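The file target_8.pdb contains PDB, N, CA and C atoms:
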```
MODEL        1
ATOM      1  N   MET F   1    -132.332 148.281  19.577
ATOM      2  CA  MET F   1    -132.731 146.946  19.246
ATOM      3  C   MET F   1    -131.590 145.998  19.605
ATOM      4  N   ARG F   2    -131.911 144.795  20.056
ATOM      5  CA  ARG F   2    -130.884 143.836  20.456
ATOM      6  C   ARG F   2    -130.102 143.337  19.244
ATOM      7  N   PRO F   3    -128.809 143.045  19.432
ATOM      8  CA  PRO F   3    -127.968 142.640  18.298
ATOM      9  C   PRO F   3    -128.511 141.433  17.530
ATOM     10  N   PHE F   4    -129.030 140.425  18.231
ATOM     11  CA  PHE F   4    -129.517 139.244  17.518
ATOM     12  C   PHE F   4    -130.743 139.563  16.668
ATOM     13  N   VAL F   5    -131.470 140.619  17.000
ATOM     14  CA  VAL F   5    -132.608 141.034  16.180
ATOM     15  C   VAL F   5    -132.121 141.818  14.968
ATOM     16  N   THR F   6    -131.154 142.676  15.159
ATOM     17  CA  THR F   6    -130.661 143.472  14.030
ATOM     18  C   THR F   6    -129.934 142.599  13.017
ATOM     19  N   ASP F   7    -129.365 141.473  13.453
ATOM     20  CA  ASP F   7    -128.659 140.566  12.548
ATOM     21  C   ASP F   7    -129.585 139.541  11.905
ATOM     22  N   ALA F   8    -130.805 139.426  12.366
ATOM     23  CA  ALA F   8    -131.729 138.412  11.857
ATOM     24  C   ALA F   8    -132.169 138.746  10.433
ATOM     25  N   ARG F   9    -132.361 137.695   9.623
ATOM     26  CA  ARG F   9    -132.865 137.910   8.261
ATOM     27  C   ARG F   9    -134.378 138.076   8.259
ATOM     28  N   ARG F  10    -135.041 137.458   9.220
ATOM     29  CA  ARG F  10    -136.501 137.564   9.311
ATOM     30  C   ARG F  10    -136.862 137.906  10.756
ATOM     31  N   VAL F  11    -137.701 138.921  10.913
ATOM     32  CA  VAL F  11    -138.146 139.348  12.235
ATOM     33  C   VAL F  11    -139.664 139.220  12.280
ATOM     34  N   VAL F  12    -140.167 138.552  13.321
ATOM     35  CA  VAL F  12    -141.608 138.387  13.509
ATOM     36  C   VAL F  12    -142.035 139.281  14.665
ATOM     37  N   VAL F  13    -143.024 140.135  14.411
ATOM     38  CA  VAL F  13    -143.529 141.058  15.423
ATOM     39  C   VAL F  13    -145.000 140.764  15.640
ATOM     40  N   LYS F  14    -145.389 140.509  16.892
ATOM     41  CA  LYS F  14    -146.792 140.290  17.243
ATOM     42  C   LYS F  14    -147.310 141.556  17.905
ATOM     43  N   VAL F  15    -148.409 142.090  17.372
ATOM     44  CA  VAL F  15    -148.994 143.320  17.890
ATOM     45  C   VAL F  15    -150.363 142.999  18.476
ATOM     46  N   GLY F  16    -150.548 143.303  19.738
ATOM     47  CA  GLY F  16    -151.835 143.089  20.385
ATOM     48  C   GLY F  16    -152.778 144.253  20.147
ATOM     49  N   SER F  17    -154.044 143.999  20.351
ATOM     50  CA  SER F  17    -155.066 145.036  20.142
ATOM     51  C   SER F  17    -154.797 146.283  20.969
ATOM     52  N   SER F  18    -154.327 146.099  22.195
ATOM     53  CA  SER F  18    -154.126 147.258  23.073
ATOM     54  C   SER F  18    -153.061 148.213  22.532
ATOM     55  N   SER F  19    -152.188 147.720  21.662
ATOM     56  CA  SER F  19    -151.167 148.582  21.060
ATOM     57  C   SER F  19    -151.708 149.426  19.917
ATOM     58  N   LEU F  20    -152.922 149.098  19.453
ATOM     59  CA  LEU F  20    -153.485 149.762  18.275
ATOM     60  C   LEU F  20    -154.788 150.493  18.536
ATOM     61  N   THR F  21    -155.267 150.474  19.779
ATOM     62  CA  THR F  21    -156.614 150.981  20.026
ATOM     63  C   THR F  21    -156.641 152.213  20.923
ATOM     64  N   THR F  22    -157.746 152.946  20.794
ATOM     65  CA  THR F  22    -158.013 154.093  21.661
ATOM     66  C   THR F  22    -158.575 153.581  22.980
ATOM     67  N   ALA F  23    -158.762 154.467  23.930
ATOM     68  CA  ALA F  23    -159.346 154.086  25.218
ATOM     69  C   ALA F  23    -160.751 153.515  25.047
ATOM     70  N   ALA F  24    -161.469 153.982  24.036
ATOM     71  CA  ALA F  24    -162.829 153.491  23.785
ATOM     72  C   ALA F  24    -162.831 152.169  23.026
ATOM     73  N   GLY F  25    -161.668 151.737  22.539
ATOM     74  CA  GLY F  25    -161.584 150.457  21.859
ATOM     75  C   GLY F  25    -161.515 150.518  20.350
ATOM     76  N   GLY F  26    -161.572 151.715  19.766
ATOM     77  CA  GLY F  26    -161.484 151.855  18.312
ATOM     78  C   GLY F  26    -160.041 151.868  17.838
ATOM     79  N   LEU F  27    -159.847 151.736  16.543
ATOM     80  CA  LEU F  27    -158.510 151.740  15.967
ATOM     81  C   LEU F  27    -157.896 153.134  16.062
ATOM     82  N   ASP F  28    -156.672 153.209  16.566
ATOM     83  CA  ASP F  28    -155.935 154.467  16.692
ATOM     84  C   ASP F  28    -154.903 154.528  15.561
ATOM     85  N   VAL F  29    -155.220 155.253  14.515
ATOM     86  CA  VAL F  29    -154.373 155.311  13.321
ATOM     87  C   VAL F  29    -153.002 155.902  13.641
ATOM     88  N   ASP F  30    -152.932 156.852  14.558
ATOM     89  CA  ASP F  30    -151.634 157.433  14.930
ATOM     90  C   ASP F  30    -150.728 156.379  15.564
ATOM     91  N   ARG F  31    -151.300 155.517  16.405
ATOM     92  CA  ARG F  31    -150.515 154.450  17.025
ATOM     93  C   ARG F  31    -150.049 153.449  15.972
ATOM     94  N   LEU F  32    -150.934 153.146  15.016
ATOM     95  CA  LEU F  32    -150.572 152.226  13.942
ATOM     96  C   LEU F  32    -149.412 152.800  13.126
ATOM     97  N   GLU F  33    -149.486 154.087  12.801
ATOM     98  CA  GLU F  33    -148.406 154.755  12.057
ATOM     99  C   GLU F  33    -147.093 154.702  12.842
ATOM    100  N   ALA F  34    -147.158 154.952  14.144
ATOM    101  CA  ALA F  34    -145.954 154.913  14.981
ATOM    102  C   ALA F  34    -145.379 153.501  15.039
ATOM    103  N   LEU F  35    -146.254 152.515  15.116
ATOM    104  CA  LEU F  35    -145.806 151.122  15.134
ATOM    105  C   LEU F  35    -145.075 150.783  13.837
ATOM    106  N   VAL F  36    -145.662 151.156  12.716
ATOM    107  CA  VAL F  36    -145.037 150.883  11.418
ATOM    108  C   VAL F  36    -143.656 151.530  11.355
ATOM    109  N   ALA F  37    -143.545 152.766  11.798
ATOM    110  CA  ALA F  37    -142.248 153.451  11.792
ATOM    111  C   ALA F  37    -141.229 152.715  12.664
ATOM    112  N   ALA F  38    -141.696 152.130  13.761
ATOM    113  CA  ALA F  38    -140.793 151.451  14.690
ATOM    114  C   ALA F  38    -140.318 150.094  14.176
ATOM    115  N   VAL F  39    -141.113 149.440  13.342
ATOM    116  CA  VAL F  39    -140.766 148.077  12.925
ATOM    117  C   VAL F  39    -140.303 147.973  11.475
ATOM    118  N   LEU F  40    -140.089 149.100  10.811
ATOM    119  CA  LEU F  40    -139.651 149.038   9.414
ATOM    120  C   LEU F  40    -138.419 148.148   9.285
ATOM    121  N   PRO F  41    -138.441 147.231   8.318
ATOM    122  CA  PRO F  41    -137.302 146.321   8.170
ATOM    123  C   PRO F  41    -136.065 147.037   7.637
ATOM    124  N   ARG F  42    -134.931 146.542   8.041
ATOM    125  CA  ARG F  42    -133.661 147.058   7.527
ATOM    126  C   ARG F  42    -133.369 146.362   6.195
ATOM    127  N   ALA F  43    -132.410 146.868   5.471
ATOM    128  CA  ALA F  43    -132.034 146.260   4.191
ATOM    129  C   ALA F  43    -131.684 144.789   4.399
ATOM    130  N   GLY F  44    -132.238 143.925   3.572
ATOM    131  CA  GLY F  44    -131.963 142.492   3.663
ATOM    132  C   GLY F  44    -132.798 141.757   4.687
ATOM    133  N   GLN F  45    -133.669 142.445   5.374
ATOM    134  CA  GLN F  45    -134.519 141.829   6.392
ATOM    135  C   GLN F  45    -135.929 141.644   5.875
ATOM    136  N   GLN F  46    -136.569 140.569   6.321
ATOM    137  CA  GLN F  46    -137.993 140.367   6.076
ATOM    138  C   GLN F  46    -138.727 140.628   7.379
ATOM    139  N   LEU F  47    -139.865 141.296   7.282
ATOM    140  CA  LEU F  47    -140.695 141.545   8.452
ATOM    141  C   LEU F  47    -141.973 140.739   8.314
ATOM    142  N   VAL F  48    -142.293 139.978   9.354
ATOM    143  CA  VAL F  48    -143.571 139.275   9.431
ATOM    144  C   VAL F  48    -144.340 139.943  10.557
ATOM    145  N   LEU F  49    -145.448 140.573  10.212
ATOM    146  CA  LEU F  49    -146.253 141.292  11.197
ATOM    147  C   LEU F  49    -147.513 140.494  11.482
ATOM    148  N   VAL F  50    -147.679 140.093  12.735
ATOM    149  CA  VAL F  50    -148.861 139.359  13.181
ATOM    150  C   VAL F  50    -149.651 140.328  14.050
ATOM    151  N   SER F  51    -150.853 140.670  13.604
ATOM    152  CA  SER F  51    -151.571 141.756  14.260
ATOM    153  C   SER F  51    -152.978 141.380  14.684
ATOM    154  N   SER F  52    -153.305 141.762  15.893
ATOM    155  CA  SER F  52    -154.690 141.769  16.347
ATOM    156  C   SER F  52    -155.255 143.128  15.950
ATOM    157  N   GLY F  53    -156.490 143.395  16.278
ATOM    158  CA  GLY F  53    -157.058 144.712  16.035
ATOM    159  C   GLY F  53    -158.184 144.758  15.028
ATOM    160  N   ALA F  54    -158.554 143.608  14.453
ATOM    161  CA  ALA F  54    -159.622 143.605  13.449
ATOM    162  C   ALA F  54    -160.956 144.042  14.045
ATOM    163  N   ILE F  55    -161.251 143.621  15.266
ATOM    164  CA  ILE F  55    -162.512 144.035  15.898
ATOM    165  C   ILE F  55    -162.513 145.547  16.080
ATOM    166  N   ALA F  56    -161.412 146.078  16.586
ATOM    167  CA  ALA F  56    -161.322 147.531  16.799
ATOM    168  C   ALA F  56    -161.508 148.288  15.494
ATOM    169  N   ALA F  57    -160.918 147.772  14.414
ATOM    170  CA  ALA F  57    -161.036 148.449  13.118
ATOM    171  C   ALA F  57    -162.454 148.386  12.566
ATOM    172  N   GLY F  58    -163.240 147.425  13.021
ATOM    173  CA  GLY F  58    -164.608 147.283  12.536
ATOM    174  C   GLY F  58    -165.648 148.053  13.318
ATOM    175  N   LEU F  59    -165.271 148.647  14.432
ATOM    176  CA  LEU F  59    -166.250 149.350  15.271
ATOM    177  C   LEU F  59    -166.876 150.542  14.558
ATOM    178  N   ALA F  60    -166.061 151.446  14.052
ATOM    179  CA  ALA F  60    -166.592 152.665  13.420
ATOM    180  C   ALA F  60    -167.465 152.362  12.200
ATOM    181  N   PRO F  61    -167.021 151.488  11.280
ATOM    182  CA  PRO F  61    -167.884 151.202  10.130
ATOM    183  C   PRO F  61    -169.242 150.612  10.512
ATOM    184  N   LEU F  62    -169.292 149.918  11.639
ATOM    185  CA  LEU F  62    -170.558 149.343  12.097
ATOM    186  C   LEU F  62    -171.328 150.292  13.013
ATOM    187  N   GLY F  63    -170.758 151.449  13.294
ATOM    188  CA  GLY F  63    -171.434 152.421  14.147
ATOM    189  C   GLY F  63    -171.447 152.034  15.614
ATOM    190  N   LEU F  64    -170.457 151.254  16.034
ATOM    191  CA  LEU F  64    -170.378 150.818  17.431
ATOM    192  C   LEU F  64    -169.433 151.737  18.205
ATOM    193  N   ALA F  65    -169.856 152.149  19.376
ATOM    194  CA  ALA F  65    -169.044 153.055  20.191
ATOM    195  C   ALA F  65    -167.991 152.313  21.001
ATOM    196  N   ARG F  66    -168.267 151.059  21.348
ATOM    197  CA  ARG F  66    -167.365 150.262  22.190
ATOM    198  C   ARG F  66    -167.245 148.851  21.649
ATOM    199  N   ARG F  67    -166.227 148.159  22.113
ATOM    200  CA  ARG F  67    -166.040 146.752  21.736
ATOM    201  C   ARG F  67    -167.249 145.943  22.212
ATOM    202  N   PRO F  68    -167.853 145.167  21.321
ATOM    203  CA  PRO F  68    -169.023 144.379  21.709
ATOM    204  C   PRO F  68    -168.646 143.226  22.629
ATOM    205  N   ARG F  69    -169.601 142.792  23.419
ATOM    206  CA  ARG F  69    -169.364 141.681  24.340
ATOM    207  C   ARG F  69    -169.837 140.347  23.773
ATOM    208  N   ASP F  70    -170.845 140.403  22.910
ATOM    209  CA  ASP F  70    -171.380 139.137  22.391
ATOM    210  C   ASP F  70    -170.564 138.665  21.185
ATOM    211  N   LEU F  71    -170.452 137.356  21.068
ATOM    212  CA  LEU F  71    -169.604 136.746  20.051
ATOM    213  C   LEU F  71    -170.030 137.107  18.628
ATOM    214  N   ALA F  72    -171.316 137.087  18.346
ATOM    215  CA  ALA F  72    -171.783 137.361  16.984
ATOM    216  C   ALA F  72    -171.386 138.768  16.528
ATOM    217  N   THR F  73    -171.518 139.747  17.403
ATOM    218  CA  THR F  73    -171.160 141.121  17.031
ATOM    219  C   THR F  73    -169.644 141.278  16.946
ATOM    220  N   GLN F  74    -168.903 140.577  17.799
ATOM    221  CA  GLN F  74    -167.440 140.589  17.700
ATOM    222  C   GLN F  74    -166.996 140.018  16.356
ATOM    223  N   GLN F  75    -167.636 138.923  15.944
ATOM    224  CA  GLN F  75    -167.286 138.308  14.667
ATOM    225  C   GLN F  75    -167.624 139.231  13.500
ATOM    226  N   ALA F  76    -168.755 139.906  13.593
ATOM    227  CA  ALA F  76    -169.142 140.851  12.540
ATOM    228  C   ALA F  76    -168.141 141.999  12.469
ATOM    229  N   ALA F  77    -167.757 142.527  13.626
ATOM    230  CA  ALA F  77    -166.792 143.631  13.655
ATOM    231  C   ALA F  77    -165.437 143.180  13.104
ATOM    232  N   ALA F  78    -165.007 141.976  13.468
ATOM    233  CA  ALA F  78    -163.734 141.454  12.964
ATOM    234  C   ALA F  78    -163.779 141.267  11.453
ATOM    235  N   SER F  79    -164.903 140.777  10.969
ATOM    236  CA  SER F  79    -165.062 140.562   9.532
ATOM    237  C   SER F  79    -164.981 141.880   8.765
ATOM    238  N   VAL F  80    -165.671 142.882   9.254
ATOM    239  CA  VAL F  80    -165.654 144.202   8.615
ATOM    240  C   VAL F  80    -164.291 144.867   8.800
ATOM    241  N   GLY F  81    -163.707 144.711   9.972
ATOM    242  CA  GLY F  81    -162.468 145.408  10.302
ATOM    243  C   GLY F  81    -161.208 144.833   9.692
ATOM    244  N   GLN F  82    -161.222 143.545   9.341
ATOM    245  CA  GLN F  82    -160.002 142.919   8.823
ATOM    246  C   GLN F  82    -159.467 143.632   7.582
ATOM    247  N   SER F  83    -160.326 143.876   6.618
ATOM    248  CA  SER F  83    -159.850 144.531   5.391
ATOM    249  C   SER F  83    -159.420 145.973   5.668
ATOM    250  N   SER F  84    -160.125 146.642   6.562
ATOM    251  CA  SER F  84    -159.764 148.011   6.927
ATOM    252  C   SER F  84    -158.391 148.047   7.603
ATOM    253  N   LEU F  85    -158.143 147.086   8.481
ATOM    254  CA  LEU F  85    -156.865 147.018   9.186
ATOM    255  C   LEU F  85    -155.721 146.761   8.202
ATOM    256  N   VAL F  86    -155.910 145.806   7.304
ATOM    257  CA  VAL F  86    -154.876 145.503   6.310
ATOM    258  C   VAL F  86    -154.631 146.717   5.414
ATOM    259  N   HIS F  87    -155.701 147.387   5.024
ATOM    260  CA  HIS F  87    -155.559 148.599   4.203
ATOM    261  C   HIS F  87    -154.779 149.676   4.966
ATOM    262  N   SER F  88    -155.067 149.845   6.249
ATOM    263  CA  SER F  88    -154.355 150.843   7.060
ATOM    264  C   SER F  88    -152.870 150.521   7.144
ATOM    265  N   TYR F  89    -152.546 149.239   7.351
ATOM    266  CA  TYR F  89    -151.136 148.831   7.379
ATOM    267  C   TYR F  89    -150.480 149.068   6.021
ATOM    268  N   ALA F  90    -151.157 148.666   4.947
ATOM    269  CA  ALA F  90    -150.589 148.827   3.604
ATOM    270  C   ALA F  90    -150.316 150.300   3.302
ATOM    271  N   ALA F  91    -151.244 151.164   3.681
ATOM    272  CA  ALA F  91    -151.068 152.598   3.453
ATOM    273  C   ALA F  91    -149.894 153.140   4.267
ATOM    274  N   ALA F  92    -149.800 152.738   5.534
ATOM    275  CA  ALA F  92    -148.717 153.226   6.397
ATOM    276  C   ALA F  92    -147.356 152.745   5.896
ATOM    277  N   PHE F  93    -147.256 151.471   5.539
ATOM    278  CA  PHE F  93    -145.990 150.965   5.003
ATOM    279  C   PHE F  93    -145.677 151.611   3.657
ATOM    280  N   GLY F  94    -146.709 151.845   2.846
ATOM    281  CA  GLY F  94    -146.516 152.493   1.549
ATOM    282  C   GLY F  94    -145.950 153.891   1.689
ATOM    283  N   ARG F  95    -146.456 154.648   2.663
ATOM    284  CA  ARG F  95    -145.933 155.998   2.899
ATOM    285  C   ARG F  95    -144.466 155.961   3.322
ATOM    286  N   ALA F  96    -144.067 154.824   3.907
ATOM    287  CA  ALA F  96    -142.672 154.671   4.327
ATOM    288  C   ALA F  96    -141.817 154.029   3.228
ATOM    289  N   GLY F  97    -142.429 153.801   2.057
ATOM    290  CA  GLY F  97    -141.673 153.265   0.933
ATOM    291  C   GLY F  97    -141.573 151.757   0.882
ATOM    292  N   HIS F  98    -142.445 151.060   1.601
ATOM    293  CA  HIS F  98    -142.431 149.594   1.621
ATOM    294  C   HIS F  98    -143.754 149.050   1.106
ATOM    295  N   GLN F  99    -143.659 148.055   0.243
ATOM    296  CA  GLN F  99    -144.862 147.428  -0.303
ATOM    297  C   GLN F  99    -145.287 146.276   0.589
ATOM    298  N   VAL F 100    -146.604 146.151   0.780
ATOM    299  CA  VAL F 100    -147.146 145.049   1.592
ATOM    300  C   VAL F 100    -147.725 144.020   0.659
TER     301      VAL F 100
ENDMDL
END
```

I'd like the structure from this file rewritten - as structure tokens, please.
Amino acid sequence: MRPFVTDARRVVVKVGSSSLTTAAGGLDVDRLEALVAAVLPRAGQQLVLVSSGAIAAGLAPLGLARRPRDLATQQAAASVGQSSLVHSYAAAFGRAGHQV
């Protein structure tokens, strides 16, 4: 990690959907776990995580095999997936000893 990042009190990380999804477009929990391990804050640091991936997280609960193309279904998947994504992050950070 670059010195100015390790010395920062607050680090903001933006995660795109492609960093969290499988080839089919669904949420890849193993990738999410690896991401959490990579961005764990150091002592005295605050982490701000800005994440895409709500649509991907909503695919399985809605029974969708692929990312939808129409806006209404994308919005439905994002709505369903948002809480699932936050829960997945909270669980991963919790296993690493950090509260979300």

What does the distance between atom CA of Asp30 of chain F and atom CA of Val80 of chain F come to in Å, to one decimal place?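 We find that atom CA of Asp30 of chain F and atom CA of Val80 of chain F lie 20.3 Å from each other.
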
Give the answer as one residue: which of F:Ala34, F:Val13, F:Ala76, F:Ala60 has the shortest atom-to-atom distance to Val48 of chain F, using only N, CA and C atoms?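 Checking each of F:Ala34, F:Val13, F:Ala76, F:Ala60 against Val48 of chain F, counting only N, CA and C atoms, the winner is F:Val13.
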
Nearest to Arg31 of chain F among F:Ser19, F:Tyr89, F:Ser79, F:Ser52, with distances taken over all atoms listed in the file: which residue is it?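 Checking each of F:Ser19, F:Tyr89, F:Ser79, F:Ser52 against Arg31 of chain F, counting all atoms listed in the file, the winner is F:Ser19.
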
Residue neighbourhood Arg67 of chain F, 8 Å, only C-alpha atoms, exclusion window fewer than 3 positions, as a list in words: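 These residues fall inside the cut-off: Ala24, Gly25, Gly26, Ile55, Ala56, Leu59, Leu64 and Gln74 of chain F.
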
Can I get the selection written as a PDB file, in the frame of the given file, with N, CA and C atoms?
```
ATOM      1  N   ALA F  24    -161.469 153.982  24.036  1.00  0.00           N
ATOM      2  CA  ALA F  24    -162.829 153.491  23.785  1.00  0.00           C
ATOM      3  C   ALA F  24    -162.831 152.169  23.026  1.00  0.00           C
ATOM      4  N   GLY F  25    -161.668 151.737  22.539  1.00  0.00           N
ATOM      5  CA  GLY F  25    -161.584 150.457  21.859  1.00  0.00           C
ATOM      6  C   GLY F  25    -161.515 150.518  20.350  1.00  0.00           C
ATOM      7  N   GLY F  26    -161.572 151.715  19.766  1.00  0.00           N
ATOM      8  CA  GLY F  26    -161.484 151.855  18.312  1.00  0.00           C
ATOM      9  C   GLY F  26    -160.041 151.868  17.838  1.00  0.00           C
ATOM     10  N   ILE F  55    -161.251 143.621  15.266  1.00  0.00           N
ATOM     11  CA  ILE F  55    -162.512 144.035  15.898  1.00  0.00           C
ATOM     12  C   ILE F  55    -162.513 145.547  16.080  1.00  0.00           C
ATOM     13  N   ALA F  56    -161.412 146.078  16.586  1.00  0.00           N
ATOM     14  CA  ALA F  56    -161.322 147.531  16.799  1.00  0.00           C
ATOM     15  C   ALA F  56    -161.508 148.288  15.494  1.00  0.00           C
ATOM     16  N   LEU F  59    -165.271 148.647  14.432  1.00  0.00           N
ATOM     17  CA  LEU F  59    -166.250 149.350  15.271  1.00  0.00           C
ATOM     18  C   LEU F  59    -166.876 150.542  14.558  1.00  0.00           C
ATOM     19  N   LEU F  64    -170.457 151.254  16.034  1.00  0.00           N
ATOM     20  CA  LEU F  64    -170.378 150.818  17.431  1.00  0.00           C
ATOM     21  C   LEU F  64    -169.433 151.737  18.205  1.00  0.00           C
ATOM     22  N   GLN F  74    -168.903 140.577  17.799  1.00  0.00           N
ATOM     23  CA  GLN F  74    -167.440 140.589  17.700  1.00  0.00           C
ATOM     24  C   GLN F  74    -166.996 140.018  16.356  1.00  0.00           C
TER      25      GLN F  74
END
```

Which of chain F DSSP labels helix (DSSP H, G or I), written as number ranges by chain: F: 3-6, 17-19, 29-39, 54-62, 71-95
